[in-house]
Structures are given as C-alpha cells and as structure tokens.
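Student: Attaching a single structure in structure tokens format; questions to follow.
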Amino acid sequence: MKIGIIGAGASGLFAAICAARTARQLNKNVQITVYERNAVPGRKLLATGNGRCNFSNASIDGAAYHGSERLFSAVYPQFTNDDAVDFFRSVGLRSFADEAGRLYPMSRKSESVLAVLLFQCEQCGVGFRYGYDVRTVARRGQGFLLNGEEFADRLIVAAGGKASPQHGTDGSVFGILQGLGVSFTPLAPALTAIELTGFPKRLKGVRAQGQVRILTDGKCIARDRGELQFTDYGVSGIPAMTVSEAAGKNAAHAEVVLELVPEIPFRAMLNECLAFRKKFPSACVKLLLQGYLPEKLAQWLPTLADVSPEALLGDLSEGTLRGIVCKVKDLRYPVKTVKGFSFAQVTAGGVDDGAVIPETLACRKIPGLFFCGEVLDINGDCGGYNLQWAWSSGYVAGKNSVLK
Ligand SMILES: Cc1cc2nc3c(=O)[nH]c(=O)nc-3n(C[C@H](O)[C@H](O)[C@H](O)COP(=O)(O)OP(=O)(O)OC[C@H]3O[C@@H](n4cnc5c(N)ncnc54)[C@H](O)[C@@H]3O)c2cc1C
C-alpha cells in the first residue's frame with residue numbers, strides 16, 4: 001500500500017513516523033512518500049519559538065484552542081503533551097519547561113527537533129520528494145493521483161494553513177480540497193499584530209508589561225497579559241497576538257484597551273505617586289513614571305493629560321496626577337485591522353469537523369483521505385499549543401491511514 005503525505009512540516013513528518021510505526025507493528029507492507037514544495041523539510045518548524053521551538057506546553061486544555069472543540073476533544077487525548085515529551089525523549093531529544101510551562105528542547109534549538117524527526121523518518125524508510133508542489137489531486141479508483149502522475153492509495157493532507165506563506169503555506173491546498181468537495185470554515189489570520197487607529201508612531205520599538213483587552217460595545221471579549229511590543233502601526237507581542245483573532249473578527253467596532261503597570265492596581269499606583277510627589281516635589285513627572293515604565297512611555301504619557309514630561313511634581317494637582325495615572329491604566333484605540341497572513345503565525349478556520357470523523361481524522365465522504373495539522377479548523381494560543389496539535393493530529397491521521 002502507498003501512503004502519500006502532502007507537506008513535510010511538523011504534522012506531516014510526525015504522521016509519516018506514526019504511519020510507518022503502525023505498519024511495522026501490524027507487519028503491513030506500506031510505502032510512505034512525503035511531498036514537499038520547498039527544497040527542504042520543516043522550514044516553518046525551524047522558525048518556531050524564535051528558533052527555539054516551543055513544541056508543547058506542560059498544561060494543556062481546550063481553553064487554549066479555538067475552532068472545533070469536537071476535533072480537540074476527540075484527537076488530543078490520543079496523543080497528549082506527556083506523550084510528546086515521552087516520544088521526543090525516546091528518540092534522543094531531552095526537553096524542559098520554562099516558568100510559564102512552555103516546553104522547549106534542551107538544546108534550545110529547533111534544528112534539534114527537526115533533526116530527530118528526520119532521523120526517525122529515515123529509520124522507518126519514509127521517502128521524500130522535495131521541490132514537489134502538489135497542484136492537483138484526482139481520485140483514481142480507490143486512491144488518489146497527484147499532479148496526474150503520483151499514485152497513493154491513502155493520502156494525508158498535512159499542508160498547513162495560509163499563515164506565513166514565506167514558509168511554503170500559501171493556502172493553495174484549499175483550492176484542491178474545494179475541488180474534491182471537502183468543506184472548510186472561512187480562513188483568517190490569527191496570532192498576529194493589531195493595527196490601531198491614531199496610535200503614535202513614536203512608540204515604535206518600545207516593550208512594556210501590560211494587559212490588553214478587546215472591547216466591543218463596552219464588553220470585554222478577550223484579554224491577555226504579558227510583554228507588549230509597540231510598533232509604528234499598533235501593538236504586537238504575545239498578549240496582542242493572543243487577542244488578535246477576536247480583534248480581527250470584530251474589527252469594525254472593536255476597541256483595544258491597554259493597561260500598563262498591570263501589577264499595581266490604579267488606587268495603589270496613585271497613592272504611590274502622591275507619596276513620591278510629597279517626598280520629591282522638585283522631581284519631574286517623567287522621572288516619576290520612569291520608576292514604572294520605559295523612558296519613551298514616561299516621556300509620552302504625561303502629554304496625553306496635557307502635561308509636559310518636564311513639569312515638576314510639586315506644581316501638579318492631585319487631579320492632574322490622577323489624570324496621568326488614568327492614562328497609564330487605560331489607553332484606548334479603535335482597532336483598524338489585524339496584520340494579514342504574511343505576518344500571522346497561524347490560520348483560524350480550516351477543514352471542519354463535519355467533513356472529517358474527529359476520532360480518526362478521516363474524510364467522511366472520501367475513503368482513504370486524512371487530514372492533520374493546521375489545515376484543520378483548530379488553532380491554539382501562543383505557548384506551544386499549535387505544535388502540540390500538529391503532533392496529536394499527526395499521530396491520529398498517521399496511525400489511521402494504515403489501520404482504516
Ligand atoms: C514564525 C512562527 C513561529 C511559530 N512558533 C510556534 C511555537 O513556538 N510553538 C507552536 O506551537 N507553534 C508555533 N507556530 C505555529 C506552528 O509552526 C504551526 O502551527 C505548525 O507548524 C503547523 O504544522 P503543519 O504541519 O500543519 O503545517 P506547516 O508546518 O506549515 O507545514 C506544511 C508544509 O506543507 C507544505 N505544503 C503546503 N502546500 C503544499 C503543496 N500544495 N504541495 C507540497 N507541499 C505543500 C509547506 O511548504 C509546508 O512545509 C509558529 C508559526 C510561525 C509562522
């Protein structure tokens with residue numbers, strides 16, 4: 001039996017290994033070929049986690065995932081974060097969790113993850129066709145014909161989504177799926193930066209701890225906290241990326257609220273500022289704010305309350321100081337849009353749970369067709385959740401492509 005896999009990314013490589021191991025256990029003669037349009041495998045995998053590959057998380061539940069809950073609950077328990085750690089350890093890769101529970105290879109290098117996956121593929125006799133762009137898939141008898149020339153009895157689509165096309169994922173596979181009659185939910189960029197109307201360009205490059213909330217009609221629909229990165233168009237960094245899907249879906253009437261110095265509640269911060277003013281009336285307001293924030297923010301924030309950053313604290317009323325602290329705690333900008341697929345880390349939307357059998361990831365309508373990874377209608381938060389999905393779904397699709 002021939003199994004074809006479209007995509008040598010995280011999920012495709014893992015599906016190849018799991019299919020090969022299942023075939024070996026069952027003593028089945030299976031030939032596996034992975035078709036990859038790039039000249040090399042795992043290009044996106046190498047870029048993950050800033051080159052360090054945050055490959056899973058020590059604490060995983062459905063709340064970290066968006067899209068189809070049915071897919072998550074049917075697939076994840078079959079291959080969990082512990083299974084991922086055990087698998088990598090069993091093939092020679094040690095890992096560790098950082099203070100936020102993010103799992104990384106001990107080498108802190110994504111090359112290590114790719115290297116062990118490729119070695120396992122080699123051990124299992126998986127074949128590769130690099131520089132092979134699958135443009136058409138036609139059904140031939142019980143199987144599939146790729147580009148009118150390559151036959152596969154079973155086909156696993158592990159071609160990713162539409163995010164980060166510079167790594168080979170331009171979403172063209174969805175055109176192929178459409179041709180086969182496979183349904184998918186609308187695709188949108190997720191884990192991306194948020195463009196804001198009227199955001200000051202001068203804050204570009206500033207990083208600060210903060211909380212970001214997305215409001216629609218005054219109601220908070222998403223929030224996260226961590227290091228914000230300001231850009232010349234708006235806000236990025238992990239918390240902004242986490243709430244970007246909600247911002248993008250509601251861009252026409254959403255507002256971003258940034259709270260700086262989130263560790264200290266408003267009243268406590270105001271009291272501290274008043275006490276500082278009493279002690280050092282000849283200090284300027286910029287110096288006061290520099291005790292909490294990077295210089296560029298300390299320079300800019302007073303101007304929002306019509307106060308010069310050089311104004312002396314002794315000359316400021318309690319009301320004026322309160323106005324400045326209010327700005328620290330509540331900066332509001334309308335959402336203009338979110339950055340598109342070329343900036344986004346993942347794709348929201350994809351092959352829906354009506355098109356697949358969630359327990360096996362087999363296509364309901366077309367026997368022999370399977371899906372794994374980001375091509376499915378599920379996407380996770382930052383923190384290793386997306387690669388964990390690649391492993392979990394790669395395991396299920398790989399195994400079942402041999403069993404079914
Ligand atoms: C910059 C960046 C950093 C990230 N960091 C993290 C992180 O630290 N932790 C985390 O969990 N997630 C991270 N992600 C997300 C994670 O990388 C993806 O969710 C994951 O790689 C998806 O795996 P996949 O196998 O579904 O798809 P991909 O890894 O995207 O692989 C799909 C492969 O299919 C190939 N392909 C597509 N179409 C065709 C075709 N028609 N013919 C042949 N080949 C084709 C592509 O070239 C590609 O190699 C990051 C993403 C980006 C962009």
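Chain labels run A, B, ... following the order of the structure tokens; each chain numbers its residues from 1, and ligands are numbered from 1 in the order shown.
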Which residues sit within 7 Å of ligand 1, counting only C-alpha atoms and all ligand atoms, listed as a PyMOL selection string?
Tutor: chain A and resi 6-12+35-38+41-45+47-50+53-56+132-135+158-161+163-164+167-173+344-346+372-375+382-388+390
Student: Taking only residues of segment 233-334 of chain A that have an atom at most 12 Å from an atom of segment 57-66 of chain A, what is each one's shortest atom pair and its distance in Å to one decimal, using only C-alpha atoms, in chain and number order, as a tab-separated table?
Tutor:
```
residue	atom	partner	partner_atom	distance
A:Thr242	CA	A:Ala64	CA	9.7
A:Val243	CA	A:His66	CA	11.5
A:Glu245	CA	A:His66	CA	9.4
A:Ala246	CA	A:His66	CA	10.5
```
Student: For Thr320 of chain A, list every protein, DNA or RNA residue within 10 Å, evaluated using only C-alpha atoms, and leave out those in the same chain fewer than 3 positions away; present the list as JSON, numbers by chain.
Tutor: {"A": [302, 305, 306, 307, 313, 315, 316, 317, 323, 324, 325, 326]}
Student: I want to know what sits within 9 Å of Ile3 of chain A, based on only C-alpha atoms, with residues of the same chain fewer than 4 positions away left out; could you give that as a list in words?
Tutor: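 Once the adjacent positions are removed, what remains is Ala16, Ala19, Val30, Gln31, Ile32, Thr33, Val34, Phe151, Ala152, Asp153, Arg154, Leu155, Ile156, Ser401 and Val402 of chain A.
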Student: Residues of segment 236-346 of chain A that have any atom at most 10 Å from an atom of segment 191-202 of chain A: could you tabulate them with the shortest-distance atom pair and the distance in Å to one decimal, using only C-alpha atoms, ordered by chain and increasing number, as JSON lines?
Tutor:
```
{"residue": "A:Ser236", "atom": "CA", "partner": "A:Ala193", "partner_atom": "CA", "distance": 4.5}
{"residue": "A:Gly237", "atom": "CA", "partner": "A:Ala193", "partner_atom": "CA", "distance": 7.4}
{"residue": "A:Ile238", "atom": "CA", "partner": "A:Leu191", "partner_atom": "CA", "distance": 7.9}
{"residue": "A:Pro239", "atom": "CA", "partner": "A:Leu191", "partner_atom": "CA", "distance": 9.2}
{"residue": "A:Ala240", "atom": "CA", "partner": "A:Ala193", "partner_atom": "CA", "distance": 6.3}
{"residue": "A:Met241", "atom": "CA", "partner": "A:Leu191", "partner_atom": "CA", "distance": 4.2}
{"residue": "A:Thr242", "atom": "CA", "partner": "A:Leu191", "partner_atom": "CA", "distance": 5.6}
{"residue": "A:Val243", "atom": "CA", "partner": "A:Leu191", "partner_atom": "CA", "distance": 7.6}
{"residue": "A:Ser244", "atom": "CA", "partner": "A:Thr192", "partner_atom": "CA", "distance": 5.9}
{"residue": "A:Glu245", "atom": "CA", "partner": "A:Leu191", "partner_atom": "CA", "distance": 6.8}
{"residue": "A:Ala247", "atom": "CA", "partner": "A:Ile194", "partner_atom": "CA", "distance": 7.5}
{"residue": "A:Gly248", "atom": "CA", "partner": "A:Ile194", "partner_atom": "CA", "distance": 8.0}
{"residue": "A:Ala251", "atom": "CA", "partner": "A:Ile194", "partner_atom": "CA", "distance": 9.6}
{"residue": "A:Glu255", "atom": "CA", "partner": "A:Leu196", "partner_atom": "CA", "distance": 8.6}
{"residue": "A:Val256", "atom": "CA", "partner": "A:Leu196", "partner_atom": "CA", "distance": 7.9}
{"residue": "A:Lys296", "atom": "CA", "partner": "A:Arg202", "partner_atom": "CA", "distance": 8.3}
{"residue": "A:Leu297", "atom": "CA", "partner": "A:Arg202", "partner_atom": "CA", "distance": 9.6}
{"residue": "A:Trp300", "atom": "CA", "partner": "A:Arg202", "partner_atom": "CA", "distance": 8.9}
{"residue": "A:Arg332", "atom": "CA", "partner": "A:Phe199", "partner_atom": "CA", "distance": 9.4}
{"residue": "A:Tyr333", "atom": "CA", "partner": "A:Leu196", "partner_atom": "CA", "distance": 6.0}
{"residue": "A:Pro334", "atom": "CA", "partner": "A:Thr197", "partner_atom": "CA", "distance": 5.5}
{"residue": "A:Val335", "atom": "CA", "partner": "A:Leu196", "partner_atom": "CA", "distance": 4.7}
{"residue": "A:Lys336", "atom": "CA", "partner": "A:Leu196", "partner_atom": "CA", "distance": 5.0}
{"residue": "A:Thr337", "atom": "CA", "partner": "A:Glu195", "partner_atom": "CA", "distance": 5.3}
{"residue": "A:Val338", "atom": "CA", "partner": "A:Ile194", "partner_atom": "CA", "distance": 4.4}
{"residue": "A:Lys339", "atom": "CA", "partner": "A:Ala193", "partner_atom": "CA", "distance": 5.4}
{"residue": "A:Gly340", "atom": "CA", "partner": "A:Thr192", "partner_atom": "CA", "distance": 7.5}
{"residue": "A:Phe341", "atom": "CA", "partner": "A:Thr192", "partner_atom": "CA", "distance": 8.2}
{"residue": "A:Ser342", "atom": "CA", "partner": "A:Thr192", "partner_atom": "CA", "distance": 9.3}
{"residue": "A:Phe343", "atom": "CA", "partner": "A:Thr192", "partner_atom": "CA", "distance": 6.2}
{"residue": "A:Ala344", "atom": "CA", "partner": "A:Thr192", "partner_atom": "CA", "distance": 4.4}
{"residue": "A:Gln345", "atom": "CA", "partner": "A:Leu191", "partner_atom": "CA", "distance": 5.4}
{"residue": "A:Val346", "atom": "CA", "partner": "A:Leu191", "partner_atom": "CA", "distance": 6.1}
```
Student: To one decimal place in Å, what is the distance between atom CA of Gly350 of chain A and atom CA of Ser183 of chain A?
Tutor: 8.4 Å
Student: Hey, which of A:Gly234, A:Arg139, A:Leu114, A:Leu203 ends up closest to Gly181 of chain A? Count only C-alpha atoms.
Tutor: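 Among the listed residues, A:Arg139 lies closest to Gly181 of chain A.
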Student: Return as a PyMOL selection string the full set of residues in segment 66-174 of chain A whose backbone-based DSSP assignment is helix (DSSP H, G or I).
Tutor: chain A and resi 69-78+81-90+110-123+165-167+173-174
Student: From a DSSP pass on the backbone, collect the residues of segment 84-312 of chain A flagged as strand (DSSP E) and hand them back as number ranges by chain.
Tutor: A: 95-97, 102-105, 127-130, 137-140, 143-146, 150-152, 154-157, 188-190, 194-196, 207-216, 219-230, 234-236, 254-260
